[in-house]
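As provided, entry-v4.txt (compact mmCIF, C-alpha atoms and all ligand atoms) reads as follows.
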# COMPACT_ATOMS: atom_id res chain seq x y z
CA MET A 1 0.00 0.00 0.00
CA ALA A 2 1.35 3.41 -0.97
CA GLU A 3 2.15 5.87 1.79
CA TYR A 4 1.05 9.44 1.27
CA LYS A 5 2.46 11.07 4.34
CA ILE A 6 3.17 14.74 3.74
CA GLY A 7 6.91 15.40 3.78
CA SER A 8 8.31 17.38 6.71
CA ASP A 9 10.18 19.48 4.12
CA GLN A 10 6.83 20.43 2.60
CA ILE A 11 5.51 21.48 6.00
CA GLY A 12 8.74 23.33 6.69
CA ALA A 13 8.56 25.23 3.41
CA ASN A 14 5.01 26.27 4.18
CA ASN A 15 5.94 27.30 7.72
CA ASP A 16 8.77 29.48 6.40
CA LYS A 17 6.17 31.61 4.66
CA HIS A 18 4.25 32.23 7.87
CA ALA A 19 7.01 32.27 10.51
CA LYS A 20 7.81 35.99 10.50
CA ALA A 21 4.19 37.03 11.00
CA LEU A 22 3.73 34.38 13.69
CA TYR A 23 6.72 35.61 15.73
CA ALA A 24 5.45 39.19 15.56
CA ASP A 25 1.90 38.22 16.56
CA TYR A 26 3.19 35.94 19.31
CA ALA A 27 5.38 38.69 20.78
CA ALA A 28 2.49 41.16 20.73
CA LEU A 29 0.10 38.70 22.39
CA GLY A 30 2.77 37.73 24.93
CA GLU A 31 3.14 41.39 25.91
CA HIS A 32 -0.62 41.83 26.17
CA LEU A 33 -1.03 38.71 28.32
CA ALA A 34 1.89 39.70 30.55
CA ARG A 35 -0.12 42.83 31.47
CA ARG A 36 -2.85 40.42 32.60
CA ASN A 37 -0.25 38.44 34.59
CA ILE A 38 -0.48 35.50 32.21
CA ASP A 39 2.64 33.69 30.99
CA ILE A 40 2.15 32.92 27.30
CA GLU A 41 4.77 30.14 27.39
CA LYS A 42 2.72 28.20 29.95
CA LEU A 43 -0.29 28.42 27.66
CA VAL A 44 1.70 27.04 24.75
CA GLU A 45 2.76 24.13 26.95
CA LYS A 46 -0.86 23.42 27.96
CA VAL A 47 -2.15 23.63 24.40
CA SER A 48 0.71 21.42 23.15
CA ALA A 49 -0.20 18.73 25.65
CA TYR A 50 -3.86 18.78 24.64
CA GLY A 51 -5.28 16.26 22.19
CA VAL A 52 -8.71 15.45 20.78
CA ALA A 53 -9.46 12.10 19.14
CA VAL A 54 -10.58 11.87 15.53
CA PRO A 55 -13.48 9.56 14.66
CA SER A 56 -12.52 7.04 11.96
CA TRP A 57 -15.95 7.55 10.38
CA GLY A 58 -15.34 11.30 10.08
CA VAL A 59 -12.75 11.10 7.30
CA GLY A 60 -15.33 9.83 4.81
CA THR A 61 -17.98 12.19 3.46
CA GLY A 62 -21.12 11.92 5.56
CA GLY A 63 -24.58 12.38 4.19
CA THR A 64 -28.16 12.82 5.19
CA ARG A 65 -31.14 10.53 4.79
CA PHE A 66 -31.74 12.31 1.49
CA ALA A 67 -28.41 11.74 -0.19
CA ARG A 68 -24.70 11.36 0.09
CA PHE A 69 -22.33 13.14 -2.27
CA PRO A 70 -18.96 11.38 -2.03
CA GLY A 71 -15.79 13.39 -2.53
CA ALA A 72 -12.64 12.44 -4.40
CA GLY A 73 -10.25 9.96 -2.85
CA GLU A 74 -12.62 8.68 -0.18
CA PRO A 75 -10.97 6.15 2.14
CA ARG A 76 -11.84 2.57 1.15
CA ASP A 77 -11.14 0.88 4.44
CA ILE A 78 -9.79 1.47 7.92
CA PHE A 79 -6.19 1.59 6.66
CA ASP A 80 -7.00 4.44 4.26
CA LYS A 81 -8.90 6.11 7.10
CA LEU A 82 -5.84 5.85 9.32
CA ASP A 83 -3.71 7.44 6.58
CA ASP A 84 -6.09 10.40 6.54
CA CYS A 85 -6.11 10.59 10.34
CA GLY A 86 -2.30 10.54 10.23
CA VAL A 87 -2.28 13.62 8.00
CA ILE A 88 -4.67 15.45 10.34
CA HIS A 89 -2.35 14.78 13.27
CA GLN A 90 0.79 15.51 11.29
CA LEU A 91 -0.43 18.98 10.31
CA THR A 92 -2.22 19.97 13.53
CA GLY A 93 -0.28 18.02 16.18
CA ALA A 94 -3.62 17.95 18.00
CA THR A 95 -5.16 14.57 17.20
CA PRO A 96 -2.93 11.73 18.44
CA ASN A 97 -5.75 9.17 18.75
CA VAL A 98 -8.41 7.63 16.56
CA SER A 99 -11.76 6.30 17.72
CA LEU A 100 -12.87 3.16 15.85
CA HIS A 101 -16.34 1.98 14.94
CA ILE A 102 -17.08 -1.74 14.73
CA PRO A 103 -17.96 -3.48 12.44
CA TRP A 104 -17.05 -0.72 9.94
CA ASP A 105 -13.38 -0.77 11.01
CA LYS A 106 -13.00 -4.47 11.68
CA ALA A 107 -9.50 -5.68 10.75
CA ASP A 108 -6.65 -7.73 12.11
CA PRO A 109 -5.67 -5.98 15.38
CA LYS A 110 -1.97 -6.58 14.70
CA ALA A 111 -2.23 -4.87 11.32
CA LEU A 112 -4.16 -1.99 12.90
CA LEU A 113 -1.48 -1.51 15.53
CA GLU A 114 1.32 -1.63 12.98
CA LYS A 115 -0.38 0.87 10.71
CA ALA A 116 -1.15 3.24 13.60
CA ASP A 117 2.42 2.95 14.78
CA THR A 118 3.88 4.02 11.43
CA LEU A 119 1.63 7.09 11.56
CA GLY A 120 2.34 7.95 15.19
CA LEU A 121 -1.28 7.32 16.17
CA GLY A 122 -2.99 5.50 19.04
CA PHE A 123 -6.56 4.35 19.63
CA ASP A 124 -9.22 6.03 21.74
CA ALA A 125 -12.64 4.69 22.77
CA MET A 126 -14.21 1.87 20.75
CA ASN A 127 -17.69 2.38 19.34
CA SER A 128 -20.22 -0.39 18.87
CA ASN A 129 -22.93 -0.37 16.23
CA THR A 130 -26.30 -1.88 16.97
CA PHE A 131 -28.20 0.86 15.14
CA SER A 132 -27.84 -0.81 11.74
CA ASP A 133 -27.76 -4.40 10.55
CA ALA A 134 -24.40 -5.86 9.56
CA GLU A 135 -24.23 -8.28 6.67
CA GLY A 136 -25.16 -11.83 7.65
CA GLN A 137 -26.43 -10.83 11.07
CA LYS A 138 -29.04 -13.24 12.43
CA HIS A 139 -31.44 -10.85 14.19
CA SER A 140 -32.40 -7.42 12.86
CA TYR A 141 -32.12 -4.21 14.89
CA LYS A 142 -35.04 -2.62 13.06
CA PHE A 143 -37.06 -2.57 16.28
CA GLY A 144 -34.19 -2.09 18.68
CA SER A 145 -31.07 -3.79 19.97
CA LEU A 146 -30.11 -3.80 23.66
CA SER A 147 -33.75 -3.05 24.57
CA HIS A 148 -35.38 -5.23 21.90
CA ALA A 149 -38.47 -7.26 22.84
CA SER A 150 -36.69 -10.47 21.80
CA ALA A 151 -34.13 -11.93 24.21
CA ALA A 152 -32.15 -13.40 21.29
CA THR A 153 -31.75 -9.98 19.66
CA ARG A 154 -30.66 -8.43 22.96
CA ALA A 155 -28.12 -11.24 23.46
CA GLN A 156 -26.75 -10.65 19.97
CA ALA A 157 -26.34 -6.92 20.75
CA VAL A 158 -24.57 -7.75 24.01
CA GLU A 159 -22.24 -10.14 22.16
CA HIS A 160 -21.40 -7.43 19.64
CA ASN A 161 -20.44 -5.00 22.41
CA ILE A 162 -18.27 -7.66 24.03
CA GLU A 163 -16.58 -8.24 20.67
CA CYS A 164 -15.81 -4.48 20.52
CA ILE A 165 -14.19 -4.73 23.94
CA GLU A 166 -12.09 -7.69 22.77
CA ILE A 167 -10.88 -5.83 19.68
CA GLY A 168 -10.21 -2.76 21.81
CA LYS A 169 -8.14 -4.77 24.27
CA ALA A 170 -5.94 -5.96 21.41
CA ILE A 171 -5.22 -2.41 20.17
CA GLY A 172 -4.77 -0.59 23.46
CA SER A 173 -8.16 1.08 23.83
CA LYS A 174 -9.47 1.65 27.35
CA ALA A 175 -13.11 2.55 26.79
CA LEU A 176 -16.28 1.53 24.99
CA THR A 177 -18.86 4.06 23.85
CA VAL A 178 -22.39 2.72 23.48
CA TRP A 179 -24.98 4.66 21.54
CA ILE A 180 -28.18 2.90 20.53
CA GLY A 181 -30.89 3.93 18.10
CA ASP A 182 -33.53 2.17 20.22
CA GLY A 183 -36.76 3.98 20.94
CA SER A 184 -40.14 4.31 19.29
CA ASN A 185 -41.86 6.24 16.54
CA PHE A 186 -45.42 6.15 17.87
CA PRO A 187 -47.05 6.71 21.24
CA GLY A 188 -47.95 3.28 22.58
CA GLN A 189 -45.43 1.47 20.37
CA THR A 190 -43.36 0.48 23.40
CA ASN A 191 -43.67 0.45 27.15
CA PHE A 192 -41.13 3.01 28.40
CA THR A 193 -40.41 1.16 31.63
CA THR A 194 -40.11 -2.35 30.19
CA GLN A 195 -37.89 -1.12 27.39
CA PHE A 196 -35.57 0.69 29.80
CA GLU A 197 -35.42 -2.35 32.11
CA ARG A 198 -34.37 -4.53 29.20
CA TYR A 199 -31.70 -2.01 28.21
CA LEU A 200 -30.29 -1.85 31.74
CA ASP A 201 -30.20 -5.64 32.06
CA ALA A 202 -28.40 -5.98 28.72
CA MET A 203 -25.91 -3.24 29.61
CA LYS A 204 -25.15 -4.98 32.90
CA ASP A 205 -24.08 -8.00 30.85
CA VAL A 206 -21.76 -5.78 28.77
CA VAL A 207 -20.28 -4.20 31.90
CA LYS A 208 -19.46 -7.67 33.25
CA ALA A 209 -17.11 -8.13 30.27
CA LEU A 210 -15.23 -4.84 30.89
CA PRO A 211 -11.60 -5.17 31.96
CA ALA A 212 -10.92 -3.57 35.34
CA ASP A 213 -9.04 -0.62 33.82
CA TRP A 214 -11.72 0.18 31.23
CA ARG A 215 -14.58 2.65 31.28
CA ILE A 216 -17.91 2.42 29.50
CA PHE A 217 -19.53 5.57 28.12
CA THR A 218 -23.23 5.79 27.38
CA GLU A 219 -24.30 8.49 24.95
CA HIS A 220 -27.71 10.12 25.15
CA LYS A 221 -29.62 11.48 22.17
CA MET A 222 -32.99 13.15 22.19
CA TYR A 223 -34.30 11.86 18.85
CA GLU A 224 -33.37 10.15 15.58
CA PRO A 225 -33.64 7.50 14.26
CA ALA A 226 -36.49 7.00 16.74
CA PHE A 227 -38.65 10.12 16.51
CA TYR A 228 -41.18 9.77 19.31
CA SER A 229 -38.99 8.46 22.12
CA THR A 230 -35.46 7.22 22.57
CA VAL A 231 -34.36 4.92 25.36
CA VAL A 232 -31.40 7.08 26.37
CA GLN A 233 -32.95 10.45 25.59
CA ASP A 234 -31.21 12.92 27.84
CA TRP A 235 -28.52 13.47 30.45
CA GLY A 236 -30.90 12.65 33.31
CA THR A 237 -31.57 9.18 31.99
CA ASN A 238 -27.90 8.88 31.12
CA TYR A 239 -26.93 9.72 34.69
CA MET A 240 -29.38 7.08 36.00
CA ILE A 241 -27.74 4.54 33.69
CA ALA A 242 -24.26 5.41 34.93
CA GLN A 243 -25.48 5.07 38.52
CA GLU A 244 -27.12 1.71 37.81
CA LEU A 245 -24.12 0.31 35.96
CA GLY A 246 -21.60 1.21 38.64
CA PRO A 247 -18.15 2.76 38.99
CA GLN A 248 -16.88 1.99 35.48
CA ALA A 249 -19.88 3.66 33.81
CA TYR A 250 -19.87 7.31 32.74
CA CYS A 251 -21.97 9.66 30.62
CA LEU A 252 -20.83 10.86 27.22
CA VAL A 253 -22.03 14.26 26.06
CA ASP A 254 -22.43 14.72 22.32
CA LEU A 255 -22.96 18.46 21.90
CA GLY A 256 -25.48 17.98 19.09
CA HIS A 257 -27.71 15.54 20.95
CA HIS A 258 -29.74 18.15 22.80
CA ALA A 259 -32.71 20.35 22.02
CA PRO A 260 -31.74 23.80 20.68
CA ASN A 261 -30.76 26.29 23.41
CA VAL A 262 -30.26 23.66 26.12
CA ASN A 263 -27.66 24.80 28.64
CA ILE A 264 -25.06 22.14 27.85
CA GLU A 265 -22.29 23.72 29.91
CA MET A 266 -24.49 23.37 32.97
CA ILE A 267 -25.12 19.70 32.22
CA VAL A 268 -21.34 19.30 31.99
CA ALA A 269 -20.90 20.98 35.38
CA ARG A 270 -23.51 18.71 36.98
CA LEU A 271 -21.90 15.55 35.58
CA ILE A 272 -18.47 16.68 36.79
CA GLN A 273 -19.85 17.45 40.24
CA PHE A 274 -21.32 13.95 40.54
CA LYS A 275 -18.23 12.28 39.02
CA LYS A 276 -19.99 10.86 35.99
CA LEU A 277 -18.65 12.87 33.07
CA GLY A 278 -17.05 10.31 30.76
CA GLY A 279 -16.31 12.37 27.71
CA PHE A 280 -17.43 14.33 24.70
CA HIS A 281 -18.35 14.08 21.12
CA PHE A 282 -17.64 17.59 19.86
CA ASN A 283 -19.59 19.06 16.95
CA ASP A 284 -21.93 21.99 16.44
CA SER A 285 -25.57 22.48 15.55
CA LYS A 286 -28.16 25.08 14.70
CA TYR A 287 -31.40 23.12 14.80
CA GLY A 288 -30.89 19.55 15.98
CA ASP A 289 -28.27 16.88 15.61
CA ASP A 290 -26.80 18.70 12.64
CA ASP A 291 -23.27 17.30 13.11
CA LEU A 292 -21.77 20.54 11.84
CA ASP A 293 -18.10 21.36 12.33
CA THR A 294 -17.12 22.05 15.93
CA GLY A 295 -17.23 25.75 16.75
CA SER A 296 -18.66 26.68 13.36
CA ILE A 297 -22.02 27.95 14.66
CA ASP A 298 -21.66 28.80 18.33
CA PRO A 299 -18.03 29.09 19.43
CA PHE A 300 -19.13 30.87 22.62
CA ARG A 301 -21.00 27.76 23.76
CA LEU A 302 -17.93 25.64 23.09
CA PHE A 303 -15.91 28.11 25.16
CA LEU A 304 -18.45 27.90 28.01
CA VAL A 305 -18.17 24.09 28.00
CA PHE A 306 -14.38 24.42 28.23
CA ASN A 307 -14.78 27.02 30.94
CA GLU A 308 -16.38 24.29 33.06
CA LEU A 309 -13.67 21.79 32.14
CA VAL A 310 -10.82 24.15 33.05
CA ASP A 311 -12.60 25.10 36.27
CA ALA A 312 -12.75 21.38 37.18
CA GLU A 313 -9.15 20.79 36.10
CA GLN A 314 -7.83 23.71 38.14
CA ARG A 315 -9.73 22.86 41.31
CA GLY A 316 -8.63 19.20 40.95
CA ALA A 317 -12.18 17.82 40.77
CA GLU A 318 -12.22 14.20 41.94
CA GLY A 319 -12.59 11.55 39.23
CA PHE A 320 -12.33 14.14 36.47
CA ASP A 321 -10.78 12.64 33.33
CA PRO A 322 -13.10 13.10 30.34
CA ALA A 323 -12.30 11.68 26.91
CA HIS A 324 -12.30 14.27 24.14
CA MET A 325 -13.46 13.15 20.71
CA LEU A 326 -14.83 14.80 17.59
CA ASP A 327 -18.04 13.42 16.05
CA GLN A 328 -19.33 15.30 13.05
CA SER A 329 -20.53 14.81 9.50
CA HIS A 330 -18.95 16.50 6.51
CA ASN A 331 -21.21 16.97 3.56
CA VAL A 332 -19.83 19.97 1.67
CA THR A 333 -16.18 20.14 2.74
CA ASP A 334 -13.08 17.98 2.48
CA PRO A 335 -13.40 15.91 5.70
CA ILE A 336 -9.66 16.23 6.43
CA GLU A 337 -9.89 20.02 6.32
CA SER A 338 -13.01 20.06 8.50
CA LEU A 339 -11.45 17.75 11.09
CA MET A 340 -8.24 19.80 11.20
CA GLN A 341 -10.22 23.00 11.64
CA SER A 342 -12.42 21.42 14.31
CA ALA A 343 -9.46 20.08 16.29
CA MET A 344 -8.06 23.61 16.28
CA GLU A 345 -11.41 25.06 17.36
CA VAL A 346 -11.44 22.72 20.35
CA GLN A 347 -7.89 23.79 21.23
CA ARG A 348 -8.93 27.42 20.84
CA ALA A 349 -11.82 27.02 23.29
CA TYR A 350 -9.43 25.32 25.72
CA ALA A 351 -6.84 28.12 25.43
CA GLN A 352 -9.50 30.81 25.86
CA ALA A 353 -10.88 29.04 28.93
CA LEU A 354 -7.36 28.97 30.40
CA LEU A 355 -7.33 32.78 30.15
CA VAL A 356 -10.30 33.25 32.49
CA ASP A 357 -9.23 35.14 35.61
CA ARG A 358 -10.81 32.68 38.04
CA GLY A 359 -9.89 34.64 41.15
CA ALA A 360 -11.62 37.75 39.81
CA LEU A 361 -14.58 35.70 38.62
CA LYS A 362 -15.08 34.23 42.09
CA SER A 363 -14.97 37.68 43.69
CA PHE A 364 -17.52 39.06 41.24
CA GLN A 365 -19.77 36.08 41.88
CA GLU A 366 -19.55 36.54 45.63
CA ASP A 367 -20.25 40.26 45.32
CA ASN A 368 -23.24 39.57 43.04
CA ASP A 369 -21.58 41.70 40.36
CA ALA A 370 -23.28 39.99 37.44
CA LEU A 371 -22.03 42.44 34.84
CA MET A 372 -18.35 42.09 35.73
CA ALA A 373 -18.63 38.32 36.17
CA ALA A 374 -19.97 38.04 32.62
CA GLN A 375 -17.29 40.44 31.36
CA THR A 376 -14.58 38.29 32.95
CA LEU A 377 -15.65 35.40 30.74
CA LYS A 378 -16.06 37.65 27.70
CA LYS A 379 -12.58 39.08 28.14
CA ALA A 380 -11.10 35.60 27.88
CA PHE A 381 -13.35 34.65 24.97
CA ARG A 382 -12.52 37.83 23.04
CA THR A 383 -8.76 37.24 23.21
CA ASP A 384 -7.38 36.01 19.90
CA VAL A 385 -5.30 33.01 20.96
CA GLU A 386 -4.35 31.97 17.42
CA PRO A 387 -0.63 32.79 17.91
CA ILE A 388 -0.58 30.41 20.90
CA LEU A 389 -2.10 27.58 18.87
CA ALA A 390 0.14 28.26 15.87
CA MET A 391 3.28 28.40 18.03
CA ALA A 392 2.34 25.09 19.68
CA ARG A 393 2.01 23.56 16.21
CA GLN A 394 5.21 25.02 14.86
CA ARG A 395 7.29 23.79 17.81
CA LYS A 396 5.96 20.27 17.24
CA GLY A 397 6.89 20.29 13.59
CA ALA A 398 3.24 20.61 12.61
CA ALA A 399 1.95 23.35 10.32
CA ILE A 400 1.50 26.99 11.29
CA ASP A 401 -1.39 27.05 8.82
CA PRO A 402 -2.57 23.42 8.45
CA ILE A 403 -5.21 24.09 5.79
CA ALA A 404 -2.75 25.96 3.57
CA ALA A 405 -0.07 23.30 4.06
CA TYR A 406 -2.57 20.53 3.27
CA ARG A 407 -3.72 22.21 0.07
CA ALA A 408 -0.16 22.98 -1.00
CA ALA A 409 0.84 19.33 -0.52
CA GLY A 410 -1.89 18.14 -2.90
CA TYR A 411 -2.74 15.21 -0.63
CA ARG A 412 -6.34 14.81 -1.79
CA ALA A 413 -5.39 14.64 -5.47
CA LYS A 414 -2.67 12.08 -4.71
CA VAL A 415 -4.97 9.72 -2.80
CA ALA A 416 -7.75 10.22 -5.36
CA ALA A 417 -5.43 8.73 -7.99
CA GLU A 418 -5.09 5.57 -5.92
CA ARG A 419 -8.53 5.29 -4.36
CA PRO A 420 -11.30 4.72 -6.90
CA ALA A 421 -14.43 6.84 -6.62
CA VAL A 422 -17.07 5.30 -4.39
CA THR A 423 -20.81 5.62 -4.49
CA GLY A 424 -23.13 5.35 -1.54
CA GLY A 425 -21.65 3.62 1.48
CA SER A 426 -22.11 4.23 5.14
CA GLY A 427 -22.29 7.78 6.46
CA GLY A 428 -22.23 6.51 10.00
CA ILE A 429 -22.78 9.43 12.26
CA VAL A 430 -23.84 8.88 15.84
MN MN B 501 -21.83 11.02 18.97
Written as structure tokens, that's how I'd like the structure from this file.
Ligand SMILES: [Mn+2]
Amino acid sequence: MAEYKIGSDQIGANNDKHAKALYADYAALGEHLARRNIDIEKLVEKVSAYGVAVPSWGVGTGGTRFARFPGAGEPRDIFDKLDDCGVIHQLTGATPNVSLHIPWDKADPKALLEKADTLGLGFDAMNSNTFSDAEGQKHSYKFGSLSHASAATRAQAVEHNIECIEIGKAIGSKALTVWIGDGSNFPGQTNFTTQFERYLDAMKDVVKALPADWRIFTEHKMYEPAFYSTVVQDWGTNYMIAQELGPQAYCLVDLGHHAPNVNIEMIVARLIQFKKLGGFHFNDSKYGDDDLDTGSIDPFRLFLVFNELVDAEQRGAEGFDPAHMLDQSHNVTDPIESLMQSAMEVQRAYAQALLVDRGALKSFQEDNDALMAAQTLKKAFRTDVEPILAMARQRKGAAIDPIAAYRAAGYRAKVAAERPAVTGGSGGIV
């Protein structure tokens, strides 16, 4: 298989074009932050150490239930996907891990490890799929999986999740994310209580198969593909699940899986407080589960989520260790470009949240000075931290301007020559 890694000389040549401007901007920002008693070098260190996992399914073009419009050079299998993920990490230095989806990414674990190793990648949480039928599968998930009325279908779904754990063990993963499409489309179609009991019983069987050093993340979603009710519809139900399943079970927050205008940052704070925040699927939305690029619609909300995360990190909140993953669908952009941009948006929100003067914020809160408390957050959010992110990238040998470097390298055209055009295929967005 051909390797299409972008040469470090190509990245270097691109960085040379941007270096002078970066140093000037970095010096100016450093001076500005010093006046706020903030050491810019410490921020670069923090941002450098930060990583967000890329979803294997994100490097293919997504789609909607209306259509899918594949792009050129779509990855054909998990090894092509890993190549693309390698480029994202090479240029941004921000995405060291990949999250796999089974059965889409099923392959020999040894070959997966070898491939990841050559690209400098590792593996994050495993994802099971019981929301669609795999080829040759005995029982259909049309009417549910872990909560299905038939015990045989539930057992099959449990077995699949255990298989995901087994594959994960072989490639160094330490977590399983479970999202199910189970629910109902009509009032009366299912009994809410019975269905939830079945789900909990099945999940208890999955938890029994978890290695001691693993975590299991359950992901809530308000609607779709079930449009009247879903079994794991919101964070309240998700929290109940995590409580029922015990100490290895945590809640995963997918930003798009809430009703519009829901206060997600507050949900995050609650889950941190009760030690059940497992991780994130970052994306953005305007109306529903739009799976738009992270930070593309409401970067302030993303910042407010990170404000809670940094608050927890700095006060040393007990049991606080959330997994950070992207989960979005790319319909009109090159997925590699969208994922690079999104990884940088997540880093940006993190850097901005690190700028919040938490001592001042606490004083304003205690004095009931609402205006200044809000301004303390706004001051951090308004600061353009791009030179910090770019410097972190440059020092790692990544690109000062990843999109420009990617386009200059002609990666998409090169892989398109090797990978034949595909039609249809799985969008796979959860
Ligand atoms: Mn998700």
Self-check item: Residue among A:Ala417, A:Val54, A:Val158, A:Ala312 lying closest to A:Leu121, counting all atoms listed in the file
Solution: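 Of the candidates, the smallest distance to A:Leu121 is held by A:Val54.
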Self-check item: Contacts of stretch 239-248 of chain A within 10 Å, all atoms listed in the file, excl. fewer than 5 positions in-chain, as a PyMOL selection string
Solution: chain A and resi 175+196+199-201+203-208+210-218+220+232+234+270-271+274-278
Quiz item: Skipping near chain neighbours, those fewer than 5 positions away, what residues fall within 12 Å of A:Arg348 using all atoms listed in the file, listed as a ChimeraX atom specification?
Solution: /A:43-44,46-48,50-52,94,294-295,299-300,302-304,306-307,341-343,353-355,380-390,392
Quiz item: Once you count all atoms listed in the file, which residues end up within 12 Å of ligand MN 501 (chain B), and could you hand them over as an NGL selection string?
Solution: :A and (54-55 or 57-58 or 99 or 101 or 125 or 127-129 or 177-181 or 217-222 or 251-258 or 279-284 or 289-292 or 324-329 or 428-430)
Self-check item: Interatomic distance, atom CA of A:Ser184 to atom CA of A:Ser132 (Å, one decimal)
Solution: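 Between atom CA of A:Ser184 and atom CA of A:Ser132 the gap is 15.3 Å.
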Quiz item: Smallest atom-to-atom distance to A:Ala398: which of A:Ala413, A:Ile6, A:Ala202, A:Ala370, using all atoms listed in the file?
Solution: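 Going through A:Ala413, A:Ile6, A:Ala202, A:Ala370 one by one, the smallest distance to A:Ala398 is for A:Ile6.
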Quiz prompt | Shell around A:Lys115 at 10 Å using all atoms listed in the file, local window under 4 positions removed, as a ChimeraX atom specification | solution = /A:78-80,82-83,86,109-111,119-122
Quiz item: Leaving out A:Asn37 and any residue of its chain fewer than 4 positions from it, which residues lie within 12 Å of it when counting only C-alpha atoms, given as an MDAnalysis selection string?
Solution: chainID A and resid 30:33 42 355:357
Exercise. Return the single residue from A:Ala34, A:Ala67, A:Ile40, A:Ala373 that is closest to A:Asn331, with distances computed using only C-alpha atoms.
Key: A:Ala67
Quiz item: When you draw a straight line from atom CA of A:Arg395 to atom CA of A:Arg36, how long is it in Å?
Solution: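 The value is 24.5 Å.
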Quiz item: Expressed in Å to a single decimal, how great is the separation between atom CA of A:Val59 and atom CA of A:Ala323?
Solution: 19.6 Å
Practice problem: Excluding A:Ile11 and any residue of its chain fewer than 6 positions from it, enumerate the residues within 9 Å of it, using only C-alpha atoms, and give them as a ChimeraX atom specification. | Solution: /A:91,397-400,402,405-406,409
Self-check item: Shortest interatomic distance to A:Leu100 - which of A:Glu265, A:Glu197, A:Asp77, A:Glu114, counting all atoms listed in the file
Solution: A:Asp77
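Closest approach to A:Tyr411 from the set A:Phe192, A:Lys5, A:Val231, A:Asp298 is made by A:Lys5, with distances taken over all atoms listed in the file.
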Quiz item: Using all atoms listed in the file, which of the listed residues (A:Pro96, A:Ser150, A:Phe131, A:Ile102) sits closest to A:Ile165?
Solution: A:Ile102
Self-check item: Cut-off 12 Å around (-39.5, 11.7, 13.6) with all atoms listed in the file: residues as number ranges by chain
Solution: A: 183-187, 222-230, 288
Could the residues in this selection be written to a file with C-alpha atoms, as a JSON list (two decimals), in the frame of the given file?
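The resulting file, part_17.json, is shown below:
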[["chain", "number", "residue", "atom", "x", "y", "z"],
["A", 183, "GLY", "CA", -36.76, 3.98, 20.94],
["A", 184, "SER", "CA", -40.14, 4.31, 19.29],
["A", 185, "ASN", "CA", -41.86, 6.24, 16.54],
["A", 186, "PHE", "CA", -45.42, 6.15, 17.87],
["A", 187, "PRO", "CA", -47.05, 6.71, 21.24],
["A", 222, "MET", "CA", -32.99, 13.15, 22.19],
["A", 223, "TYR", "CA", -34.30, 11.86, 18.85],
["A", 224, "GLU", "CA", -33.37, 10.15, 15.58],
["A", 225, "PRO", "CA", -33.64, 7.50, 14.26],
["A", 226, "ALA", "CA", -36.49, 7.00, 16.74],
["A", 227, "PHE", "CA", -38.65, 10.12, 16.51],
["A", 228, "TYR", "CA", -41.18, 9.77, 19.31],
["A", 229, "SER", "CA", -38.99, 8.46, 22.12],
["A", 230, "THR", "CA", -35.46, 7.22, 22.57],
["A", 288, "GLY", "CA", -30.89, 19.55, 15.98]]
